[in-house]
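These notes are about the structure you will find just below.
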Amino acid sequence: MTAGARHEAPLLKTPFHPRTAVLNQAKQWGRWAGYATVACFTELAHEYFAIRHAATLFDVSPMKKYRISGTDAERYLNRLLTRDVRKLRTDRVAYAVWCNDDGKVLDDGTVFRLGEKEVLLMAQERHLAWLQDSAFGYDATIEDVSEAIAGLALQGPLSCTVLKAMELDGIAQLKPFGIARFDLSGTPLTVSRTGYTGDLGYELWTEPDKALELWDRLMAAGALYRLTPIGSRALDLARIEAGFIQANVDFIAADHSVRMTRQRSPFELGLDWMVDFDKGHFVGRRALLRERETGPRYRLVGLDIEGSKPAAGALVYYGRARQVGLVTSAAWSPTAKRNIALATLQAPFADKTDGLWAEIYVNKELKWEKTAARCRIVTRPFFDPPRRRATPAPDF
Amino acid sequence: MKTHDVIVIGAGHNGLTAAAYLARAGLDVLVLERNPYIGGAAVSRELYPGFTYSNCSYVSSLMRPEIMRDLDLPRYGLQITPFRGGLTMTRDGDYIASYRDRDMHRREIARHSPRDAESYDRYSAAVMRQCRFIRPMLLETPPDPTSLLPRDLRGLWRIGRAFRDLGPAGMYETIRFWTMSMADFLDQYFENDLVKAHFTGSSIIGTGLGPRSPGSAYVMLHHHMGEVDGTIGAWGYARGGMGAISRSLAGALEAAGGAIRTDAPVARVIVRKRRVAGVALEDGEEISARAVVSGMDFRRTVLQAMEPGDLPAGLVKAARNFKIRGSSGKLNIALDGMPTFRGVPADCPALAGDLHVTETIEEFERAYDDWKNGRWSRRPYVDLMIPSLTDPTMTPPGKHYMSIFVQYVPPELADGPWTSEKRDAFGRTVIDMLSEYSPDLKDLILHMEVRTPRELEEEVGLTEGNIFQGELTLDQLMFNRPAPGYAQYRLPVRGMYMCGSSTHPGGGVMGAPGANAAREIIADLRAGKRA
């Protein structure tokens, strides 16, 4: 960001903008953390299928990135997060959530352990104030380094093939959630085997002034493998198939909620496995211990809904009249060939094997039809290819 | 002699709102205004050829959309245009701006404090929580917590339910919020002095409080609970100045068969056999009515328009003790062109909003100290606007109108009452200070109107020049506004009512007191119990 852009430009340009702007034939832009991001370059189906059958590039530079350093970095994070950070070794990544004192989720994100005393926390929402306030009493420095790191997500079954074509030695041996370091004509290039698609994939991180070089080399390496730039709409479809939740879509970040009763605990978001009561004190522990006794009020579940009409925003009923929840994300899954959704249900109804219905409205040429579609609670992810976890990563 | 159903004293926005609702209910309504023009403190006047001034109130947010809709005000010329931001300038030539675009706004805060920029979402969620709590109460008659009447119990139950819906953390927060100072509230979210100062102004506008005084956080909320077209907290300009609001209300009133008489100052309310019989004008003319509703403040209504002997002594005492301290002044300036501001780009959209020069909470407090000591602030807080950047009807093309609200200005000075010389010296203090930020301002001035609390009291009839018709402190809000037991718009003389900003929900060009009072009067007249 430059000071001159203060009021002239509501949306900033990412380091990849010179490339993405030219390729954005559909001229569909969205906004993400103050940046103009491509919603769709060409057409949704083309971009989506490239995720599942070839390889794709998505600009993740607007992601908020906080660098946490100092002798207490690990202790600090172990108190901040519900997971046990001590188990996270250097050059490994972990998915994590963090809560306020009441055990309500502030956000979810990924933790990149770069060293003994250096960690990178990445999230969709902004948390500098909370992270800095939480550092009181710790030797831990929290900096917002979002603008200092340009990022590209390379996702899809051919993503490793593309990186091999780019001659990143040993990349096939990188395990899921692993970090490897390479050189990009003299500048460090960090590659993590992470992503938001639930597929084989990597994220590549470098300095902003090397962004275009990285883009060009990837596109050159991927030319033979149908490497396709994608926008946020295709990615959103893939992340729903992967069953990933999104802050302020599937839950409200606790410190942004005006209605405090909308805040959700990790249990209510189906993230029980992320809460480690054995690691000692962490923020929200007492409240979550209580909740473990009393049980959560809500449960976030995956739904398989009959028919083919996406149930976005649908109310979920138990029986004919009892309203028990809300669909927060929904899509027809072209890969799973199912009508899938993420929904928050009142806890007692999250175990029902029968009797759940989604109320779906369909506009049939200016005539709205309301249908009650039978829902079945299913485990997530909705699509989970073995290649996602295979090491060495397969070529196809 | 003809007997009107209702006489409304004062053609301010609340009097007109009450009158319009009453007329639409089929009542014979007469509004009496002492000035030769209507509007009270929501007025547009041409004091210099070709220039329209919003002499008193100058921006709109609080006017309830339900009233605009009920009274069909757009049909009578009402249009509110939101403005795009605001900024606080610093002595070293920098500034901090607010923008409607949230990303621009956040980046602008981040220039001064990256941490505070990311705390802003927490701050605005907390303010919005309080807005959501209070907004449903604005167009409700405050329920009396000591009453067992069904309507009071229903009202209390609604408030109780809204309170419970805040959740445990929200309940704690709300109790603290209503009693805390703005400085303490801001400290919970921000660390940067300039960021805090930028958000402080609305907590002290029009009030005899400093940002460190308990209760100032609520005054901020009072300035944020309005809206423009559903955007809560947004402010805008009435096309044609604030008088356009009053004119549209008058249009609605007259269309419903009501009448307004200007140059008709009411001397007193006539009470016969413990009920209202009408009013007497200053020239001796008597006008009969079944009910009288006063748009004047509580003090004037009880102590000037009514005979103490017609009222309980405790109520008279409460009116004498009613906190209605004046604390503000106003400059209205016709400019030969657009002034420049050091360090602010000429195309910055925030220039079309509210401009300030107070950089720290400390400076606010020092300005407040001057007021306590009976002086106008040597470095006052200003809420400076240039409405002509948004509204082309305010000035000839290329010229501009500048409205400067000034805080703090005492109603009486330590060295005696206001004089015209002191008033002009006060105006010079403001212009000299602003010239540090806008070197060409002085040269552009074609005409300037300076108003101290003296002028606001004499011309508009606001006691001590208090723009809210009484302080907005918790001891004078809700069921205690204007006084315990008298919050439901009635005075204890049959047929006598109040509808001014002294009543719930208080000041600002809101119309809610007028609409609420009208509802009570209509109910009484229909029930016949007070007629």
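Ligands are numbered from 1 in the order shown, residues from 1 within each chain, and chains are lettered A, B, ... in the order they appear in the structure tokens.
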Just need the residues of chain B within 7 Å of chain A, counting only C-alpha atoms, so spit them out as a PDB file with C-alpha atoms, in the first residue's frame.
ATOM      1  CA  ASP B 101     -15.802   2.680   2.618  1.00  0.00           C
ATOM      2  CA  ASP B 103     -11.424  -0.643   3.876  1.00  0.00           C
ATOM      3  CA  MET B 104     -10.404   2.949   3.166  1.00  0.00           C
ATOM      4  CA  GLU B 108      -6.594   5.449   7.245  1.00  0.00           C
ATOM      5  CA  ARG B 115      -3.419  -2.052  16.012  1.00  0.00           C
ATOM      6  CA  ASP B 116      -6.251   0.445  16.414  1.00  0.00           C
ATOM      7  CA  GLU B 118      -7.896  -3.749  13.604  1.00  0.00           C
ATOM      8  CA  SER B 119      -9.636  -2.915  16.854  1.00  0.00           C
ATOM      9  CA  ASP B 121     -14.403  -3.648  14.218  1.00  0.00           C
ATOM     10  CA  ARG B 122     -14.674  -4.490  17.924  1.00  0.00           C
ATOM     11  CA  ALA B 125     -19.712  -3.828  17.110  1.00  0.00           C
ATOM     12  CA  ALA B 126     -19.940  -2.547  20.699  1.00  0.00           C
ATOM     13  CA  MET B 128     -23.895  -1.086  17.310  1.00  0.00           C
ATOM     14  CA  ARG B 129     -24.937  -3.316  20.212  1.00  0.00           C
ATOM     15  CA  LEU B 166     -27.754  -8.912  24.945  1.00  0.00           C
ATOM     16  CA  GLY B 167     -26.367 -12.054  26.580  1.00  0.00           C
ATOM     17  CA  GLY B 170     -23.645  -7.709  26.685  1.00  0.00           C
ATOM     18  CA  CYS B 348     -10.436  14.215  -0.297  1.00  0.00           C
TER      19      CYS B 348
END
### Task
Would you mind listing what lies within 8 Å of A:Arg389 as a PyMOL selection string, with only C-alpha atoms counted and same-chain residues fewer than 6 positions away left out?
chain A and resi 175-176+200
Could you save those same residues with all heavy atoms as a short mmCIF file (atom, residue, chain, number, x, y, z; two decimals), in the first residue's frame?
data_model
loop_
_atom_site.label_atom_id
_atom_site.label_comp_id
_atom_site.auth_asym_id
_atom_site.auth_seq_id
_atom_site.Cartn_x
_atom_site.Cartn_y
_atom_site.Cartn_z
N LYS A 175 5.51 -33.62 2.82
CA LYS A 175 4.30 -34.22 3.38
C LYS A 175 3.20 -33.17 3.55
O LYS A 175 3.49 -31.97 3.62
CB LYS A 175 4.62 -34.83 4.75
CG LYS A 175 5.49 -36.05 4.68
CD LYS A 175 5.79 -36.55 6.08
CE LYS A 175 6.72 -37.74 6.01
NZ LYS A 175 7.33 -38.01 7.32
N PRO A 176 1.94 -33.62 3.66
CA PRO A 176 0.87 -32.66 3.95
C PRO A 176 1.22 -31.87 5.21
O PRO A 176 1.73 -32.43 6.19
CB PRO A 176 -0.36 -33.54 4.18
CG PRO A 176 -0.07 -34.78 3.40
CD PRO A 176 1.42 -34.98 3.48
N LEU A 200 -4.94 -32.27 -3.48
CA LEU A 200 -3.50 -32.10 -3.50
C LEU A 200 -3.21 -30.63 -3.82
O LEU A 200 -3.81 -30.08 -4.75
CB LEU A 200 -2.87 -33.01 -4.56
CG LEU A 200 -1.36 -32.84 -4.75
CD1 LEU A 200 -0.60 -33.24 -3.50
CD2 LEU A 200 -0.87 -33.63 -5.96
#
Within 9 Å of B:Glu412, counting only C-alpha atoms, which residues show up once you throw out same-chain ones fewer than 3 positions away? Write them as a PDB file with N, CA, C and O atoms, in the first residue's frame, please.
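Written out: selection25.pdb:
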ATOM      1  N   GLY B 326     -25.941  25.612  29.085  1.00  0.00           N
ATOM      2  CA  GLY B 326     -25.490  25.874  27.720  1.00  0.00           C
ATOM      3  C   GLY B 326     -24.002  25.633  27.605  1.00  0.00           C
ATOM      4  O   GLY B 326     -23.249  25.862  28.550  1.00  0.00           O
ATOM      5  N   GLY B 374     -15.813  29.627  33.278  1.00  0.00           N
ATOM      6  CA  GLY B 374     -16.573  30.782  32.814  1.00  0.00           C
ATOM      7  C   GLY B 374     -15.946  31.514  31.637  1.00  0.00           C
ATOM      8  O   GLY B 374     -16.139  32.717  31.479  1.00  0.00           O
ATOM      9  N   ARG B 375     -15.186  30.790  30.825  1.00  0.00           N
ATOM     10  CA  ARG B 375     -14.602  31.384  29.616  1.00  0.00           C
ATOM     11  C   ARG B 375     -14.985  30.513  28.440  1.00  0.00           C
ATOM     12  O   ARG B 375     -15.215  29.318  28.590  1.00  0.00           O
ATOM     13  N   VAL B 409     -18.776  26.813  25.101  1.00  0.00           N
ATOM     14  CA  VAL B 409     -19.094  28.223  25.255  1.00  0.00           C
ATOM     15  C   VAL B 409     -20.067  28.351  26.428  1.00  0.00           C
ATOM     16  O   VAL B 409     -21.168  27.812  26.364  1.00  0.00           O
ATOM     17  N   ASP B 415     -16.684  37.052  33.812  1.00  0.00           N
ATOM     18  CA  ASP B 415     -16.620  38.509  34.009  1.00  0.00           C
ATOM     19  C   ASP B 415     -17.940  39.184  33.637  1.00  0.00           C
ATOM     20  O   ASP B 415     -17.953  40.347  33.251  1.00  0.00           O
ATOM     21  N   GLY B 416     -19.023  38.448  33.740  1.00  0.00           N
ATOM     22  CA  GLY B 416     -20.319  39.078  33.501  1.00  0.00           C
ATOM     23  C   GLY B 416     -21.011  38.512  32.281  1.00  0.00           C
ATOM     24  O   GLY B 416     -20.507  37.590  31.643  1.00  0.00           O
ATOM     25  N   PRO B 417     -22.171  39.061  31.978  1.00  0.00           N
ATOM     26  CA  PRO B 417     -22.954  38.500  30.870  1.00  0.00           C
ATOM     27  C   PRO B 417     -22.314  38.768  29.510  1.00  0.00           C
ATOM     28  O   PRO B 417     -21.387  39.562  29.389  1.00  0.00           O
ATOM     29  N   TRP B 418     -22.812  38.033  28.518  1.00  0.00           N
ATOM     30  CA  TRP B 418     -22.331  38.217  27.148  1.00  0.00           C
ATOM     31  C   TRP B 418     -22.683  39.626  26.653  1.00  0.00           C
ATOM     32  O   TRP B 418     -23.725  40.164  26.980  1.00  0.00           O
ATOM     33  N   PRO B 453     -24.456  31.247  23.449  1.00  0.00           N
ATOM     34  CA  PRO B 453     -25.672  30.803  24.136  1.00  0.00           C
ATOM     35  C   PRO B 453     -26.694  31.945  24.293  1.00  0.00           C
ATOM     36  O   PRO B 453     -27.894  31.694  24.287  1.00  0.00           O
ATOM     37  N   ARG B 454     -26.187  33.171  24.383  1.00  0.00           N
ATOM     38  CA  ARG B 454     -27.122  34.303  24.518  1.00  0.00           C
ATOM     39  C   ARG B 454     -28.029  34.393  23.297  1.00  0.00           C
ATOM     40  O   ARG B 454     -29.249  34.507  23.412  1.00  0.00           O
ATOM     41  N   GLU B 464     -30.460  28.895  28.272  1.00  0.00           N
ATOM     42  CA  GLU B 464     -28.989  28.879  28.346  1.00  0.00           C
ATOM     43  C   GLU B 464     -28.336  28.454  27.034  1.00  0.00           C
ATOM     44  O   GLU B 464     -27.151  28.170  26.980  1.00  0.00           O
TER      45      GLU B 464
END
#### Entry: Distance query A:Phe112 at most 12 Å, only C-alpha atoms, self and fewer than 6 positions along chain excluded, as a PyMOL selection string
chain A and resi 65-69+74+77+85+88-96+118-123+177-180+190-194+203+205
Okay, now the selection with N, CA and C atoms, as a compact mmCIF listing (two decimals), in the first residue's frame?
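So part_27.txt came out as:
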# COMPACT_ATOMS: atom_id res chain seq x y z
N LYS A 65 -1.57 -12.02 7.72
CA LYS A 65 -0.43 -12.82 8.20
C LYS A 65 0.22 -12.09 9.37
N TYR A 66 0.28 -12.77 10.48
CA TYR A 66 0.87 -12.17 11.67
C TYR A 66 2.11 -12.96 12.06
N ARG A 67 3.21 -12.25 12.22
CA ARG A 67 4.45 -12.90 12.61
C ARG A 67 4.60 -12.77 14.12
N ILE A 68 4.78 -13.90 14.77
CA ILE A 68 4.92 -13.93 16.22
C ILE A 68 6.32 -14.42 16.53
N SER A 69 7.10 -13.58 17.22
CA SER A 69 8.48 -13.96 17.48
C SER A 69 8.85 -13.60 18.91
N GLU A 74 6.23 -19.72 21.62
CA GLU A 74 5.49 -20.99 21.75
C GLU A 74 4.51 -20.94 22.93
N LEU A 77 1.54 -18.76 22.07
CA LEU A 77 0.58 -19.39 21.16
C LEU A 77 -0.17 -20.52 21.84
N VAL A 85 0.39 -26.38 20.81
CA VAL A 85 1.35 -25.89 19.82
C VAL A 85 2.73 -26.51 20.04
N LEU A 88 3.82 -28.94 17.57
CA LEU A 88 4.05 -28.50 16.19
C LEU A 88 5.54 -28.24 15.99
N ARG A 89 6.15 -29.08 15.15
CA ARG A 89 7.59 -28.97 14.94
C ARG A 89 7.90 -27.89 13.90
N THR A 90 9.14 -27.47 13.88
CA THR A 90 9.56 -26.48 12.90
C THR A 90 9.33 -27.01 11.48
N ASP A 91 8.92 -26.10 10.61
CA ASP A 91 8.60 -26.42 9.22
C ASP A 91 7.37 -27.30 9.09
N ARG A 92 6.47 -27.14 10.06
CA ARG A 92 5.16 -27.80 9.96
C ARG A 92 4.07 -26.75 10.12
N VAL A 93 2.90 -27.09 9.57
CA VAL A 93 1.76 -26.18 9.62
C VAL A 93 0.62 -26.89 10.35
N ALA A 94 -0.18 -26.14 11.11
CA ALA A 94 -1.36 -26.72 11.76
C ALA A 94 -2.55 -25.80 11.57
N TYR A 95 -3.70 -26.41 11.40
CA TYR A 95 -4.96 -25.66 11.42
C TYR A 95 -5.29 -25.37 12.88
N ALA A 96 -5.83 -24.21 13.16
CA ALA A 96 -6.07 -23.86 14.57
C ALA A 96 -7.25 -22.91 14.69
N GLU A 118 9.82 -18.45 16.12
CA GLU A 118 9.16 -17.69 15.06
C GLU A 118 8.00 -18.48 14.46
N VAL A 119 6.83 -17.85 14.48
CA VAL A 119 5.62 -18.51 13.98
C VAL A 119 4.86 -17.50 13.13
N LEU A 120 4.23 -18.00 12.10
CA LEU A 120 3.37 -17.16 11.27
C LEU A 120 1.93 -17.64 11.46
N LEU A 121 1.04 -16.72 11.79
CA LEU A 121 -0.38 -17.08 11.96
C LEU A 121 -1.14 -16.43 10.82
N MET A 122 -1.86 -17.25 10.06
CA MET A 122 -2.61 -16.72 8.92
C MET A 122 -4.10 -16.89 9.15
N ALA A 123 -4.86 -15.84 8.81
CA ALA A 123 -6.30 -15.88 9.05
C ALA A 123 -7.01 -15.00 8.03
N PHE A 177 0.94 -30.58 5.17
CA PHE A 177 1.23 -29.63 6.26
C PHE A 177 2.73 -29.44 6.50
N GLY A 178 3.55 -29.85 5.51
CA GLY A 178 4.98 -29.61 5.62
C GLY A 178 5.36 -28.31 4.94
N ILE A 179 6.53 -27.78 5.33
CA ILE A 179 7.06 -26.55 4.73
C ILE A 179 8.42 -26.86 4.13
N ALA A 180 8.66 -26.40 2.90
CA ALA A 180 9.98 -26.55 2.28
C ALA A 180 10.44 -25.20 1.78
N THR A 190 9.08 -19.92 -0.05
CA THR A 190 8.59 -20.91 0.93
C THR A 190 7.39 -21.62 0.32
N VAL A 191 7.43 -22.95 0.38
CA VAL A 191 6.31 -23.73 -0.15
C VAL A 191 5.74 -24.57 0.98
N SER A 192 4.43 -24.47 1.18
CA SER A 192 3.78 -25.31 2.18
C SER A 192 2.77 -26.20 1.47
N ARG A 193 2.64 -27.43 1.96
CA ARG A 193 1.65 -28.31 1.34
C ARG A 193 0.34 -28.11 2.08
N THR A 194 -0.31 -27.04 1.75
CA THR A 194 -1.54 -26.61 2.41
C THR A 194 -2.50 -26.08 1.36
N GLU A 203 0.90 -24.04 -1.23
CA GLU A 203 0.84 -22.58 -1.22
C GLU A 203 2.27 -22.07 -1.27
N TRP A 205 4.96 -18.85 -1.08
CA TRP A 205 5.08 -17.54 -0.42
C TRP A 205 6.42 -16.91 -0.77
### Query
Could you pull the residues within 9 Å of A:Ile171, counting only C-alpha atoms, minus those fewer than 2 positions along the same chain, as a PyMOL selection string?
chain A and resi 160+163-164+167-169+173-175+180+191+392-393
### Query
What separation in Å, quoted to one decimal, exists between atom CA of B:Arg75 and atom CA of B:Thr17?
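Those two atoms sit 15.1 Å apart.
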Neighbouring residues of A:Asn24 were defined as those with any atom within 8 Å, considering only C-alpha atoms; residues of the same chain fewer than 2 positions away were excluded. Please report them as an mmCIF file with C-alpha atoms, in the first residue's frame.
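Output saved as out13.cif:
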data_model
loop_
_atom_site.group_PDB
_atom_site.id
_atom_site.type_symbol
_atom_site.label_atom_id
_atom_site.label_comp_id
_atom_site.auth_asym_id
_atom_site.auth_seq_id
_atom_site.Cartn_x
_atom_site.Cartn_y
_atom_site.Cartn_z
ATOM 1 C CA THR A 20 -4.550 -11.168 -12.892
ATOM 2 C CA ALA A 21 -6.023 -7.931 -14.272
ATOM 3 C CA VAL A 22 -4.974 -8.826 -17.803
ATOM 4 C CA ALA A 26 -15.028 -11.895 -17.159
ATOM 5 C CA LYS A 27 -14.214 -8.637 -15.333
ATOM 6 C CA GLN A 28 -15.672 -10.008 -12.156
ATOM 7 C CA VAL A 38 -10.745 -11.868 -9.014
ATOM 8 C CA CYS A 40 -14.018 -15.265 -11.861
ATOM 9 C CA PHE A 41 -11.517 -15.008 -14.739
ATOM 10 C CA THR A 42 -13.467 -16.771 -17.477
#
### Task
For B:Leu138, please output as a list in words all residues within 8 Å (counting only C-alpha atoms; exclusion window: fewer than 6 positions along the same chain).
His504, Pro505 and Ala512 of chain B
#### Entry: Separation of atom CA of B:Met478 from atom CA of B:Val460 in Å
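Going from atom CA of B:Val460 over to atom CA of B:Met478 covers 25.0 Å.
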As a compact mmCIF listing (two decimals) with C-alpha atoms, in the first residue's frame, which residues of stretch 148-278 of chain A does DSSP assign to strand (DSSP E or B)?
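Result file is result.txt:
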# COMPACT_ATOMS: atom_id res chain seq x y z
CA ALA A 150 2.84 -12.42 -1.51
CA GLY A 151 1.08 -15.75 -1.76
CA LEU A 152 -0.23 -18.07 -4.45
CA ALA A 153 -2.25 -21.22 -3.92
CA LEU A 154 -1.36 -23.92 -6.46
CA GLN A 155 -4.04 -26.57 -6.13
CA GLY A 178 4.98 -29.61 5.62
CA ILE A 179 7.06 -26.55 4.73
CA ALA A 180 9.98 -26.55 2.28
CA ARG A 181 12.27 -23.71 1.35
CA PHE A 182 13.60 -22.95 -2.11
CA ASP A 183 15.35 -20.18 -3.93
CA LEU A 184 13.73 -17.88 -6.46
CA THR A 187 15.02 -14.61 -2.91
CA PRO A 188 13.59 -17.17 -0.49
CA LEU A 189 10.56 -19.06 -1.75
CA THR A 190 8.59 -20.91 0.93
CA VAL A 191 6.31 -23.73 -0.15
CA SER A 192 3.78 -25.31 2.18
CA GLY A 201 -2.08 -28.64 -3.35
CA TYR A 202 0.55 -26.18 -2.23
CA GLU A 203 0.84 -22.58 -1.22
CA LEU A 204 3.84 -20.56 -2.34
CA TRP A 205 5.08 -17.54 -0.42
CA THR A 206 7.64 -14.95 -1.43
CA LEU A 227 -2.52 -24.66 -15.17
CA THR A 228 -5.48 -22.27 -14.84
CA PRO A 229 -5.82 -19.08 -12.79
CA ALA A 247 -15.37 -17.03 9.26
CA PHE A 251 -19.88 -18.61 11.87
### Task
Select from stretch 13-210 of chain A everything DSSP, run on the backbone, classes as helix (DSSP H, G or I), then give the selection as an MDAnalysis selection string.
chainID A and resid 17:23 44:53 73:80 85:87 128:133 146:148 159:165 171:173 208:210
### Task
Please measure the separation of atom CA of B:Ala234 and atom CA of B:Leu62, giving the value in Å to one decimal.
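Separation between atom CA of B:Ala234 and atom CA of B:Leu62: 9.2 Å.
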